[in-house]
Structures are given as C-alpha cells and as structure tokens.
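Visitor: Before anything else, here's the structure in question.
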Amino acid sequence: MTTSALVLDLAFQPGLAMRPDILGFDKLEHIAAFFTLTVLMRIGWPGRAHVLQTVLLMGFGLFIELVQATDMVGRTASWADVVADMIGILIGMSFSLFVGKRL
C-alpha cells in the first residue's frame, strides 16, 4: 500500500514541460515502479491468481494515465507509459514465478 501511494505521488507531481519520449529514461522509471509493485503484490498476496493481479496492476497504470490526461495534476498522459507499465508488470510476474519455483 505504501509503495502504491509513493508511485501515485511521483506520478502526480508537477513535471517539467518536455515532449513525450518513447524510449526515454522516464520509461525505465515506469518499468521499475511496476516491476516493484508486481513483486510486492506477489509477496503480499501469494494465493491470488496471477491474472487478477496483472489486471489490477494494469488498471492502476491506466488510472494514473487517465488522471494525467486531465488538468488536475499538470501532467501529460502517454500510451508509451502504459506500455512501459505493462512491461514492468510482465517482468515482475516472470521474475516472481521464476523465483517462486526456485524456492
């Protein structure tokens, strides 16, 4: 829960006016954030279905972008950010499944 609140805070902080960049450092931050959220969700709720957790996390990423698309936070929404979020989720799920089988 704390990590989710931190991700929301960072996502809604006023940003610098920059043009959207498809392969920028920002995308690595999205991947890292959603990788972390995914691994923590798998640790916190190990009995929940992977698909349910993936859908919840993807919904969280979409929610962030939808809020950024409004004038409420002064940010810009980007489909590339959603894709980066999904990549982070997939890497996190793969990592947790791999580590889970090893333990």
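All residue names refer to the structure tokens as shown: chains lettered A, B, ... in order, residues numbered from 1 in each chain, ligands numbered from 1 in order.
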Which residues are near segment 51-60 of chain A? Cut-off 7 Å, only C-alpha atoms, ignore same chain within fewer than 2 positions. Put them as a ChimeraX atom specification.

Guide: /A:49,62-64,86,89

Visitor: Show me, as a ChimeraX atom specification, the residues that have an atom within 12 Å of Trp79 of chain A when counting only C-alpha atoms, minus same-chain residues fewer than 3 positions from it.

Guide: /A:20-22,27,30,61-62,64-66,68-69,76,82-86

Visitor: I need the chosen residues saved as an mmCIF file, in the first residue's frame, with N, CA, C and O atoms.

Guide:
data_model
loop_
_atom_site.group_PDB
_atom_site.id
_atom_site.type_symbol
_atom_site.label_atom_id
_atom_site.label_comp_id
_atom_site.auth_asym_id
_atom_site.auth_seq_id
_atom_site.Cartn_x
_atom_site.Cartn_y
_atom_site.Cartn_z
ATOM 1 N N PRO A 20 6.914 14.265 -25.232
ATOM 2 C CA PRO A 20 6.874 12.835 -24.934
ATOM 3 C C PRO A 20 8.012 12.104 -25.636
ATOM 4 O O PRO A 20 8.314 12.368 -26.788
ATOM 5 N N ASP A 21 8.640 11.200 -24.926
ATOM 6 C CA ASP A 21 9.768 10.444 -25.455
ATOM 7 C C ASP A 21 9.451 8.960 -25.330
ATOM 8 O O ASP A 21 9.214 8.465 -24.230
ATOM 9 N N ILE A 22 9.424 8.262 -26.434
ATOM 10 C CA ILE A 22 9.015 6.863 -26.428
ATOM 11 C C ILE A 22 10.039 5.977 -25.722
ATOM 12 O O ILE A 22 9.679 5.051 -25.020
ATOM 13 N N LYS A 27 10.608 5.970 -19.175
ATOM 14 C CA LYS A 27 10.037 4.633 -19.387
ATOM 15 C C LYS A 27 10.704 3.611 -18.481
ATOM 16 O O LYS A 27 10.048 2.693 -17.973
ATOM 17 N N HIS A 30 9.043 3.880 -15.186
ATOM 18 C CA HIS A 30 7.747 3.185 -15.192
ATOM 19 C C HIS A 30 7.947 1.676 -15.041
ATOM 20 O O HIS A 30 7.248 1.026 -14.254
ATOM 21 N N GLY A 61 -2.150 1.364 -13.574
ATOM 22 C CA GLY A 61 -1.372 2.141 -14.551
ATOM 23 C C GLY A 61 -2.272 2.977 -15.450
ATOM 24 O O GLY A 61 -1.981 4.144 -15.733
ATOM 25 N N LEU A 62 -3.378 2.399 -15.892
ATOM 26 C CA LEU A 62 -4.333 3.148 -16.723
ATOM 27 C C LEU A 62 -4.967 4.289 -15.935
ATOM 28 O O LEU A 62 -5.154 5.388 -16.466
ATOM 29 N N ILE A 64 -3.616 5.993 -13.523
ATOM 30 C CA ILE A 64 -2.619 7.066 -13.437
ATOM 31 C C ILE A 64 -2.610 7.886 -14.725
ATOM 32 O O ILE A 64 -2.633 9.120 -14.693
ATOM 33 N N GLU A 65 -2.593 7.212 -15.859
ATOM 34 C CA GLU A 65 -2.551 7.933 -17.138
ATOM 35 C C GLU A 65 -3.843 8.706 -17.392
ATOM 36 O O GLU A 65 -3.811 9.811 -17.940
ATOM 37 N N LEU A 66 -4.978 8.159 -16.987
ATOM 38 C CA LEU A 66 -6.242 8.881 -17.158
ATOM 39 C C LEU A 66 -6.266 10.159 -16.318
ATOM 40 O O LEU A 66 -6.727 11.204 -16.773
ATOM 41 N N GLN A 68 -3.590 11.795 -15.392
ATOM 42 C CA GLN A 68 -2.617 12.693 -16.007
ATOM 43 C C GLN A 68 -3.173 13.341 -17.274
ATOM 44 O O GLN A 68 -2.711 14.406 -17.676
ATOM 45 N N ALA A 69 -4.155 12.723 -17.885
ATOM 46 C CA ALA A 69 -4.767 13.290 -19.091
ATOM 47 C C ALA A 69 -5.688 14.470 -18.770
ATOM 48 O O ALA A 69 -6.047 15.233 -19.664
ATOM 49 N N THR A 76 1.133 15.061 -18.512
ATOM 50 C CA THR A 76 0.697 14.621 -19.819
ATOM 51 C C THR A 76 0.585 13.100 -19.829
ATOM 52 O O THR A 76 1.501 12.412 -19.385
ATOM 53 N N VAL A 82 1.900 3.578 -20.527
ATOM 54 C CA VAL A 82 1.071 2.397 -20.253
ATOM 55 C C VAL A 82 1.799 1.133 -20.710
ATOM 56 O O VAL A 82 1.823 0.131 -19.990
ATOM 57 N N VAL A 83 2.423 1.196 -21.867
ATOM 58 C CA VAL A 83 3.180 0.049 -22.372
ATOM 59 C C VAL A 83 4.353 -0.251 -21.438
ATOM 60 O O VAL A 83 4.617 -1.418 -21.116
ATOM 61 N N ALA A 84 5.048 0.779 -20.982
ATOM 62 C CA ALA A 84 6.162 0.586 -20.053
ATOM 63 C C ALA A 84 5.671 -0.034 -18.745
ATOM 64 O O ALA A 84 6.338 -0.909 -18.176
ATOM 65 N N ASP A 85 4.502 0.407 -18.268
ATOM 66 C CA ASP A 85 3.919 -0.183 -17.061
ATOM 67 C C ASP A 85 3.674 -1.677 -17.270
ATOM 68 O O ASP A 85 3.996 -2.502 -16.414
ATOM 69 N N MET A 86 3.102 -2.019 -18.421
ATOM 70 C CA MET A 86 2.801 -3.418 -18.722
ATOM 71 C C MET A 86 4.069 -4.254 -18.827
ATOM 72 O O MET A 86 4.095 -5.398 -18.373
#

Visitor: List every residue of segment 23-54 of chain A that has an atom at most 8 Å from any atom of segment 90-96 of chain A, and for each one report the closest atom pair and its distance in Å to one decimal, counting only C-alpha atoms, with rows sorted by chain and then by increasing residue number, as JSON lines.

Guide:
{"residue": "A:Phe34", "atom": "CA", "partner": "A:Gly92", "partner_atom": "CA", "distance": 7.5}
{"residue": "A:Phe35", "atom": "CA", "partner": "A:Gly92", "partner_atom": "CA", "distance": 4.5}
{"residue": "A:Thr36", "atom": "CA", "partner": "A:Gly92", "partner_atom": "CA", "distance": 7.0}
{"residue": "A:Thr38", "atom": "CA", "partner": "A:Gly92", "partner_atom": "CA", "distance": 5.3}
{"residue": "A:Val39", "atom": "CA", "partner": "A:Gly92", "partner_atom": "CA", "distance": 5.5}
{"residue": "A:Arg42", "atom": "CA", "partner": "A:Ser96", "partner_atom": "CA", "distance": 6.9}
{"residue": "A:His50", "atom": "CA", "partner": "A:Met93", "partner_atom": "CA", "distance": 7.6}

Visitor: How would the residues just picked look written out with C-alpha atoms as an mmCIF file, in the first residue's frame?

Guide:
data_model
loop_
_atom_site.group_PDB
_atom_site.id
_atom_site.type_symbol
_atom_site.label_atom_id
_atom_site.label_comp_id
_atom_site.auth_asym_id
_atom_site.auth_seq_id
_atom_site.Cartn_x
_atom_site.Cartn_y
_atom_site.Cartn_z
ATOM 1 C CA PHE A 34 5.565 -1.517 -11.867
ATOM 2 C CA PHE A 35 8.145 -4.309 -11.516
ATOM 3 C CA THR A 36 8.415 -3.388 -7.832
ATOM 4 C CA THR A 38 4.203 -6.555 -9.040
ATOM 5 C CA VAL A 39 6.818 -8.330 -6.939
ATOM 6 C CA ARG A 42 3.024 -11.368 -5.355
ATOM 7 C CA HIS A 50 -1.674 -14.091 -11.409
#

Visitor: So what do you get for atom CA of Ala80 of chain A versus atom CA of Leu97 of chain A, distance-wise?

Guide: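 Going from atom CA of Ala80 of chain A over to atom CA of Leu97 of chain A, I get 25.6 Å.
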